[in-house]
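Okay, structure first, notes after.
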Amino acid sequence: QVQLVESGGGLVQPGGSLRLSCAASGIIFSINDMGWYRQAPGKERESVAHITSGGSTNYADSVKGRFTISRNNAKNTVYLQMNSLKPEDTAVYYCRGWIAGVYEYDSWGQGTQVTVSS
């Protein structure tokens, strides 16, 4: 069994920055793609950013130029640097990983709240 644990959420003023982290643990042979998603109240969960095992990235149009996804394979960790935050970025942020362990896992973290408000 593998587990993803997010950290780094919180309350920030518009224009501010936050850095989210997501660490994978358990019996892990390799981690393929990883991604960040978010879900705002009353809305469906949406993809925010995605990174392949080779480091290729893509982003939702709404966050391009403001958010950066990265990963540290040695630490089984993915990051989301969020700059120039807007109130509409307020949501619960989840990480997702496609992980090869004892089995193949499509795993989700428990989520971390990001609130952008003055």
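Chain labels run A, B, ... following the order of the structure tokens; each chain numbers its residues from 1, and ligands are numbered from 1 in the order shown.
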Point to revise | helix (DSSP H, G or I) per DSSP on the backbone: members of chain A, as a VMD selection string | key: chain A and resid 73 to 75 87 to 89
Exercise for review: Within 7 Å of His50 in chain A, counting only C-alpha atoms, which residues show up once you throw out same-chain ones fewer than 5 positions away? Write them as an MDAnalysis selection string, please.
Suggested key: chainID A and resid 34:36 57:59
Selection export as a PDB file, in the first residue's frame, atoms kept: N, CA, C and O atoms:
ATOM      1  N   MET A  34       2.711  12.410 -11.970  1.00  0.00           N
ATOM      2  CA  MET A  34       2.108  12.964 -10.762  1.00  0.00           C
ATOM      3  C   MET A  34       1.353  14.230 -11.148  1.00  0.00           C
ATOM      4  O   MET A  34       1.702  14.890 -12.140  1.00  0.00           O
ATOM      5  N   GLY A  35       0.352  14.548 -10.358  1.00  0.00           N
ATOM      6  CA  GLY A  35      -0.436  15.721 -10.694  1.00  0.00           C
ATOM      7  C   GLY A  35      -1.024  16.391  -9.473  1.00  0.00           C
ATOM      8  O   GLY A  35      -1.112  15.792  -8.395  1.00  0.00           O
ATOM      9  N   TRP A  36      -1.390  17.631  -9.656  1.00  0.00           N
ATOM     10  CA  TRP A  36      -2.138  18.394  -8.654  1.00  0.00           C
ATOM     11  C   TRP A  36      -3.522  18.718  -9.212  1.00  0.00           C
ATOM     12  O   TRP A  36      -3.656  19.099 -10.386  1.00  0.00           O
ATOM     13  N   THR A  57       5.903  18.908 -18.277  1.00  0.00           N
ATOM     14  CA  THR A  57       4.813  19.487 -17.490  1.00  0.00           C
ATOM     15  C   THR A  57       3.725  20.053 -18.380  1.00  0.00           C
ATOM     16  O   THR A  57       3.970  20.413 -19.547  1.00  0.00           O
ATOM     17  N   ASN A  58       2.528  20.116 -17.843  1.00  0.00           N
ATOM     18  CA  ASN A  58       1.465  20.906 -18.455  1.00  0.00           C
ATOM     19  C   ASN A  58       0.555  21.444 -17.366  1.00  0.00           C
ATOM     20  O   ASN A  58       0.527  20.928 -16.241  1.00  0.00           O
ATOM     21  N   TYR A  59      -0.141  22.523 -17.721  1.00  0.00           N
ATOM     22  CA  TYR A  59      -0.907  23.289 -16.740  1.00  0.00           C
ATOM     23  C   TYR A  59      -2.287  23.636 -17.275  1.00  0.00           C
ATOM     24  O   TYR A  59      -2.479  23.800 -18.491  1.00  0.00           O
TER      25      TYR A  59
END
Check your understanding: Which of these, A:Ala74, A:Ala24, A:Ile99, A:Leu18, has the shortest distance to Val5 in chain A once you count only C-alpha atoms?
Key -> A:Ala24
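Distances here use only C-alpha atoms; by that measure, the residue among A:Ile51, A:Val63, A:Leu20, A:Cys95 closest to Leu4 in chain A is A:Cys95.
Between Glu88 in chain A and the candidates A:Asn73, A:Ser21, A:Ser30, A:Gln13, the tightest atom-to-atom separation, counting only C-alpha atoms, involves A:Gln13.
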Practice item. If you run DSSP over the backbone, which residues in range 13-102 of chain A end up strand (DSSP E or B)? Put them as a ChimeraX atom specification. Key: /A:18-26,28-39,46-51,57-59,67-72,77-82,91-101
Point to revise | Interatomic distance, CA of Val114 in chain A to CA of Ala91 in chain A (Å, one decimal) | key: 5.5 Å
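Closest approach to Ser47 in chain A among A:Tyr103, A:Tyr94, A:Gly10, A:Thr112 is made by A:Tyr94 (distances from only C-alpha atoms).
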Exercise for review: Name the residues in contact with Arg71 in chain A at a cut-off of 10 Å, using only C-alpha atoms, excluding same-chain residues fewer than 2 positions from it; report them as an NGL selection string.
Suggested key: :A and (21-23 or 34 or 51-55 or 69 or 73-80)
**Study point:** For Pro41 in chain A: contacts at 10 Å, only C-alpha atoms, fewer than 4 positions along chain excluded, given as number ranges by chain
**Key:** A: 45, 90-92
